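To keep things clear, I will list the structure first and then write my remarks on it.
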Amino acid sequence: MTAPVVVVRDLAVEFPGDPPVHAVRGVSFEVQRGERLGIVGESGCGKSVTAMSLLGLVDPPGRITAGSITVDGRNMLTSTPAELRALRGATIAMIFQDPMTSLNPVFRIGYQIASVLEHHGWDDRRRRDARVVELLRAVGIPDAERRVRAYPHELSGGMRQRVMIAMAIANEPAVLVADEPTTALDVTVEAQIVLLLEDLADRIGTAVVFISHDLRLVSELCDRVLVFYAGRIVEEGPIAEVFSNARHPYTRTLLELAFPSQDDGVRASIPASSHDVARPMEGCAFAPRCGYRTERCVEEPPLVGTSTHRAACWLEERA
Amino acid sequence: MTVAVGTRVGAVMGRLRRNRLSFLGVLIVMVLLAVVAFGPLVWRLDPIQTDLADRLAGPSLAHPLGTDVQGRDLLARVLHGGRVTILIALASVVVALVFGSGLGLVSGFVRGWFDTLVMRVVDVLLAFPPLLLALVIAAARGPGIFNTVLAVSIPAVPRFARLMRSQSIAIREREYVLAARAVGLHPARILFRHVLPNGIGPVTVQASIAAGIAILEVAGLGFLGLGVQPPAPELGSILVDSRTYLLQQPVAVLLPGVVISLSILGFNLLGDAFGDVFDVGSGS
Amino acid sequence: MRGLVRRRLLLLPVTLFGVTVITFLAIHLIPGDPAEIYAGGPLAPPEAVEAMRARLGLDQPLYVQYLSYLGRLIRGDLGTSLFTGKLVSTEILERLPASLELSVAALIVGVPIGAALGVLAATRRDRGTDHLARTLALTGLSLPSFWLALLLVWLFSVKLGWFPFGSRLPAFADVEARSGFVIVDSVLAGDFGLTLQALRHLFLPAITLAVIPIALTARYLRNAFAEELSAPYIRTARAFGLPERLIVWRFALKNAMLPLVTLLGVLLPALLAGAVLVEVVFSWPGLGTYLLLAIQSRDYAVVQAVTLFLAVAYVLASLVVDLSYGLLDPRVRESQ
């Protein structure tokens, strides 16, 4: 078994304030080479912050207060800025949610992709330009040679996202992090983008970390899934298992909302409101909204279960 | 009601204290106004009283800042001069505010031909760089306090008019105004009760900035000999008098300028402070 | 965007028309009788005053006077100077290059310095440097230009003697006026010593006037830049490992600079106004001193004409500024 390409241990990210916001509280996981890992959760659960941390990019004034992140054997937290910059876009790449605002509106897309190439060693201008066209073709943009000179606003949402993907795979990264890549797109385009990601990942052998609040998409693309809630992982395991046999009440709620069943014995309760990140954490964060809560829940449950499928719930302990 | 006001003031003070620069501005303006109001009462020497035996003297007990070329006490000149400059500037702003806002308020509310006419006139007035317009008006009308107020307030009127007009237009479409009209309330009442209080925010910002510009214009006109006439003290005309004796009595040139600069700075910072309080973007 | 442009173009003649009305009326704001003033003052004999009145057409009804005024304007006749007897239009053209030279110098010096300050403040947003830069900029805007001019003259001309003041060239020096711009002409004539002298004369007034563009540019760019730096595409660039310097000075700057053209629109009136006061202090032979001398000698035709000229120039320049903004932004350009 080769070493995992990403190793995260006890990551904690904090945003100062009164009270301070603990966006990520003790998250640990691994990503194997070539694996497709899904991360799901509602807004504010810490999934985007975790993703940014993988690249060593936490929006100031937020800071990583504990834990370690290793990407392709490199310790992201002790690397110098220069080392980090060398990794970003080459070893680990990220695509963002809204391609319109994530691309620079006043530069042509060809130039933007070429910039990424140039700063990772592609010095020869002609090879660079050829590579840009090649990349645009690879992501399925028609008439690539002409489109190189287009500005972002001249392209549709789906095409812009393809451009982002082209930038991301330009240097054949070991890990591709996709933070809600389809949320800003039409439903019809969504499926295409996901297929594209899958196809490219197969061809290049990139591991994909796919972040979304849309469970259907995650179930189509990913092998394993992490369920985030209030800055922690509350369940993790292979997709098929987690989705058919969810062990955490929150996961069950999410599944119920995403795949509503016709006839159902146990109806999961719909949460009244999403988690308030400013609340001080004591015990299980989901307890206030949980239909199965007991007195035990004032204490934070650890992840328990099998070696592949675990959930952070006291209910598990009994099983 | 009082509780609501109290908490509002508390919130304002909190925000001000955090933004130290704006607070400084408010402080400067308040100190300035206090000095202008009370200074001449405390330091009672006559600024116009000449004493040819004691010209261009250095600092002394009798004359803490010395005297100018005609033996007049500099401290008194600066105090009185500051008072004149600032009062004229503020008066001009008030005049412009009242006329401009009134015009803009009505214009935006009634629309139609009146509005179009007013807006064309406003456009034309705005076509002149402000100081130039002030200069021409002052030149045409001649020197003197009234003419200076006229010269400084006229260029400021269009800006207030435009501001209040857009406020008027924006607010008149809001539901409570439509409701008031549907109930048959008299338009004037609607204007005062609903439109005016909401427009206060941007107007205070504009007024502060206009005050700064007005001070500059009054002093500038005085400097060019077109404003307040000697021997009445005015910071700009004091400057031009002292210019020739710069080497012998530098204070006479430094101090009036410092006072002018501080006043303008204070009002600019005040404008920023108002902008923060009322959540308006910073003025140009 | 296109609609806005068209609307502005349509309004232009109306605005210009209004400007002429105001400059026309300005003469009639003067207390006293213009005919009497032109005839020589209160001591002029009544027949001379009446003759002057007829000559100036002041006995005609107001609208007739305005129409003939307008007619003269269209023909390019801006009147005759009471003081020198020359055509005002000629005199304006003679003195225009001096003012332009000063304003352009102030812009060339001021905008880059202001831009650098603004960018610096934006990259250290909300920290010490930012607050300092913003305070300095605001202070710069609060300094009266005529006072600053006096101080600079005192320090650099009188006390240190580094720079001369008064006029554009040393006494008795002259150069063939091909462009009217002394700096350009002396270079064309190959007399570089003279160029240097001209630059020395230009230095202090230009610096004084440059304070305004420095402050305005710094403020403007600091805000525009700070906004750009928090844009999502900046985050993307960082996520792809691009170096910070490239991100700041290339990617963000281009976006922030686009509306810079509107900044010019703000700079223009500030410069025009400030120029008058600065010219006076430095005895710089431009339109400002021309205007002031005319005011002091009650040469109303000149005052009227110069005011008209400056106002029209300002209106046209603002229009050009607004139009060019539409041309520069690729997003806007596309929609045209």
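In the structure tokens, chains take the letters A, B, ... in the order shown, each chain's residues start at 1, and ligands count up from 1 in the order shown.
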
Counting only C-alpha atoms, give me one row per residue of chain C with an atom at most 10 Å from an atom of chain A, showing the shortest contact pair and its distance in Å to one decimal, sorted by chain then residue number, as a tab-separated table.
```
residue	atom	partner	partner_atom	distance
C:Ala231	CA	A:Thr101	CA	7.4
C:Pro232	CA	A:Ser102	CA	4.9
C:Tyr233	CA	A:Ser102	CA	4.0
C:Ile234	CA	A:Ser102	CA	7.5
C:Arg235	CA	A:Ser102	CA	7.5
C:Thr236	CA	A:Ser102	CA	5.9
C:Ala237	CA	A:Val116	CA	8.3
C:Arg238	CA	A:Arg85	CA	7.8
C:Ala239	CA	A:Arg88	CA	5.9
C:Phe240	CA	A:Gly89	CA	4.1
C:Gly241	CA	A:Arg85	CA	4.0
C:Leu242	CA	A:His119	CA	6.5
C:Pro243	CA	A:Arg85	CA	7.2
C:Glu244	CA	A:Arg85	CA	9.6
C:Leu246	CA	A:Ser115	CA	9.8
C:Phe251	CA	A:Asn104	CA	7.3
C:Ala252	CA	A:Asn104	CA	8.6
C:Lys254	CA	A:Val106	CA	7.4
C:Asn255	CA	A:Val106	CA	6.6
C:Leu258	CA	A:Val106	CA	9.4
C:Asp329	CA	A:Val106	CA	7.8
C:Pro330	CA	A:Val106	CA	6.7
C:Arg331	CA	A:His153	CA	7.1
C:Glu334	CA	A:Glu154	CA	8.7
```

Find the nearest atom pair between each residue of chain C and chain B for residues within 7 Å, count only C-alpha atoms, give distances in Å to one decimal, sort rows by chain and ascending number, and present the table as a Markdown table.
```
| residue | atom | partner | partner_atom | distance |
| --- | --- | --- | --- | --- |
| C:Thr15 | CA | B:Val124 | CA | 5.3 |
| C:Gly18 | CA | B:Val124 | CA | 5.6 |
| C:Val19 | CA | B:Val124 | CA | 5.8 |
| C:Ala26 | CA | B:Ala140 | CA | 6.6 |
| C:Ile27 | CA | B:Ala140 | CA | 6.7 |
| C:Leu29 | CA | B:Ala140 | CA | 6.0 |
| C:Ile30 | CA | B:Ala140 | CA | 4.7 |
| C:Pro31 | CA | B:Arg141 | CA | 6.3 |
| C:Leu138 | CA | B:Leu265 | CA | 6.9 |
| C:Thr139 | CA | B:Leu265 | CA | 6.1 |
| C:Ser142 | CA | B:Leu265 | CA | 5.1 |
| C:Leu143 | CA | B:Ser261 | CA | 4.9 |
| C:Pro144 | CA | B:Leu216 | CA | 6.4 |
| C:Trp147 | CA | B:Gly257 | CA | 5.9 |
| C:Pro269 | CA | B:Pro129 | CA | 5.0 |
| C:Ala273 | CA | B:Leu131 | CA | 5.5 |
| C:Ile295 | CA | B:Ala139 | CA | 6.0 |
| C:Ala311 | CA | B:Phe128 | CA | 5.0 |
| C:Tyr314 | CA | B:Ala127 | CA | 6.9 |
| C:Val315 | CA | B:Ala127 | CA | 5.8 |
```

Output file for the residues above (N, CA and C atoms, as a PDB file, in the first residue's frame):
```
ATOM      1  N   THR C  15     -25.929  72.068 -21.590  1.00  0.00           N
ATOM      2  CA  THR C  15     -25.028  72.505 -20.525  1.00  0.00           C
ATOM      3  C   THR C  15     -24.168  73.665 -21.002  1.00  0.00           C
ATOM      4  N   GLY C  18     -26.128  76.733 -21.156  1.00  0.00           N
ATOM      5  CA  GLY C  18     -26.316  77.275 -19.824  1.00  0.00           C
ATOM      6  C   GLY C  18     -25.081  77.997 -19.309  1.00  0.00           C
ATOM      7  N   VAL C  19     -23.928  77.439 -19.609  1.00  0.00           N
ATOM      8  CA  VAL C  19     -22.676  78.062 -19.182  1.00  0.00           C
ATOM      9  C   VAL C  19     -22.534  79.451 -19.796  1.00  0.00           C
ATOM     10  N   ALA C  26     -23.086  87.147 -15.620  1.00  0.00           N
ATOM     11  CA  ALA C  26     -22.135  87.531 -14.573  1.00  0.00           C
ATOM     12  C   ALA C  26     -21.802  89.013 -14.649  1.00  0.00           C
ATOM     13  N   ILE C  27     -21.650  89.493 -15.867  1.00  0.00           N
ATOM     14  CA  ILE C  27     -21.338  90.908 -16.024  1.00  0.00           C
ATOM     15  C   ILE C  27     -22.450  91.753 -15.434  1.00  0.00           C
ATOM     16  N   LEU C  29     -24.280  91.076 -13.028  1.00  0.00           N
ATOM     17  CA  LEU C  29     -24.379  90.964 -11.576  1.00  0.00           C
ATOM     18  C   LEU C  29     -23.633  92.110 -10.911  1.00  0.00           C
ATOM     19  N   ILE C  30     -22.723  92.710 -11.671  1.00  0.00           N
ATOM     20  CA  ILE C  30     -21.866  93.713 -11.071  1.00  0.00           C
ATOM     21  C   ILE C  30     -22.689  94.907 -10.628  1.00  0.00           C
ATOM     22  N   PRO C  31     -22.485  95.277  -9.396  1.00  0.00           N
ATOM     23  CA  PRO C  31     -23.171  96.502  -8.988  1.00  0.00           C
ATOM     24  C   PRO C  31     -22.569  97.671  -9.749  1.00  0.00           C
ATOM     25  N   LEU C 138      -5.266  62.911   3.598  1.00  0.00           N
ATOM     26  CA  LEU C 138      -6.312  63.838   4.014  1.00  0.00           C
ATOM     27  C   LEU C 138      -5.717  65.178   4.424  1.00  0.00           C
ATOM     28  N   THR C 139      -4.549  65.125   5.086  1.00  0.00           N
ATOM     29  CA  THR C 139      -3.872  66.370   5.459  1.00  0.00           C
ATOM     30  C   THR C 139      -3.470  67.127   4.205  1.00  0.00           C
ATOM     31  N   SER C 142      -6.115  69.025   2.936  1.00  0.00           N
ATOM     32  CA  SER C 142      -6.572  70.100   3.810  1.00  0.00           C
ATOM     33  C   SER C 142      -5.658  71.306   3.774  1.00  0.00           C
ATOM     34  N   LEU C 143      -4.470  71.147   3.212  1.00  0.00           N
ATOM     35  CA  LEU C 143      -3.556  72.286   3.188  1.00  0.00           C
ATOM     36  C   LEU C 143      -3.979  73.279   2.118  1.00  0.00           C
ATOM     37  N   PRO C 144      -4.106  74.544   2.464  1.00  0.00           N
ATOM     38  CA  PRO C 144      -4.417  75.517   1.412  1.00  0.00           C
ATOM     39  C   PRO C 144      -3.210  75.637   0.495  1.00  0.00           C
ATOM     40  N   TRP C 147      -0.978  78.703   0.858  1.00  0.00           N
ATOM     41  CA  TRP C 147      -0.136  78.728   2.047  1.00  0.00           C
ATOM     42  C   TRP C 147       1.080  77.823   1.862  1.00  0.00           C
ATOM     43  N   PRO C 269     -11.101  69.453 -11.882  1.00  0.00           N
ATOM     44  CA  PRO C 269     -11.542  70.692 -11.236  1.00  0.00           C
ATOM     45  C   PRO C 269     -10.638  71.083 -10.083  1.00  0.00           C
ATOM     46  N   ALA C 273      -8.798  74.710 -10.098  1.00  0.00           N
ATOM     47  CA  ALA C 273      -8.979  75.671  -9.014  1.00  0.00           C
ATOM     48  C   ALA C 273      -7.655  75.954  -8.316  1.00  0.00           C
ATOM     49  N   ILE C 295      -9.465  90.690 -12.845  1.00  0.00           N
ATOM     50  CA  ILE C 295     -10.411  90.994 -11.784  1.00  0.00           C
ATOM     51  C   ILE C 295      -9.997  92.279 -11.080  1.00  0.00           C
ATOM     52  N   ALA C 311     -14.627  76.910 -17.981  1.00  0.00           N
ATOM     53  CA  ALA C 311     -15.803  76.077 -17.749  1.00  0.00           C
ATOM     54  C   ALA C 311     -16.041  75.128 -18.914  1.00  0.00           C
ATOM     55  N   TYR C 314     -13.562  72.381 -18.909  1.00  0.00           N
ATOM     56  CA  TYR C 314     -13.855  71.411 -17.879  1.00  0.00           C
ATOM     57  C   TYR C 314     -14.989  70.490 -18.318  1.00  0.00           C
ATOM     58  N   VAL C 315     -16.041  71.060 -18.888  1.00  0.00           N
ATOM     59  CA  VAL C 315     -17.167  70.242 -19.331  1.00  0.00           C
ATOM     60  C   VAL C 315     -16.728  69.238 -20.393  1.00  0.00           C
TER      61      VAL C 315
END
```

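Here atom CA of Leu61 of chain B and atom CA of Leu75 of chain B stand 11.6 Å from one another.
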
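Restricting the calculation to only C-alpha atoms, the smallest distance between Asp322 of chain C and any of C:Leu9, C:Ile212, C:Leu73, C:Leu291 is found for C:Leu9.
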
Residue nearest Ser157 of chain C - candidates C:Arg8, C:Arg134, C:Arg124, C:His201, atoms counted: only C-alpha atoms: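 Selected residue with least distance to Ser157 of chain C: C:His201.
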
Please report the interatomic distance between atom CA of His22 of chain A and atom CA of Val58 of chain A in Å with one decimal.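 Taking atom CA of His22 of chain A and atom CA of Val58 of chain A, their separation equals 13.1 Å.
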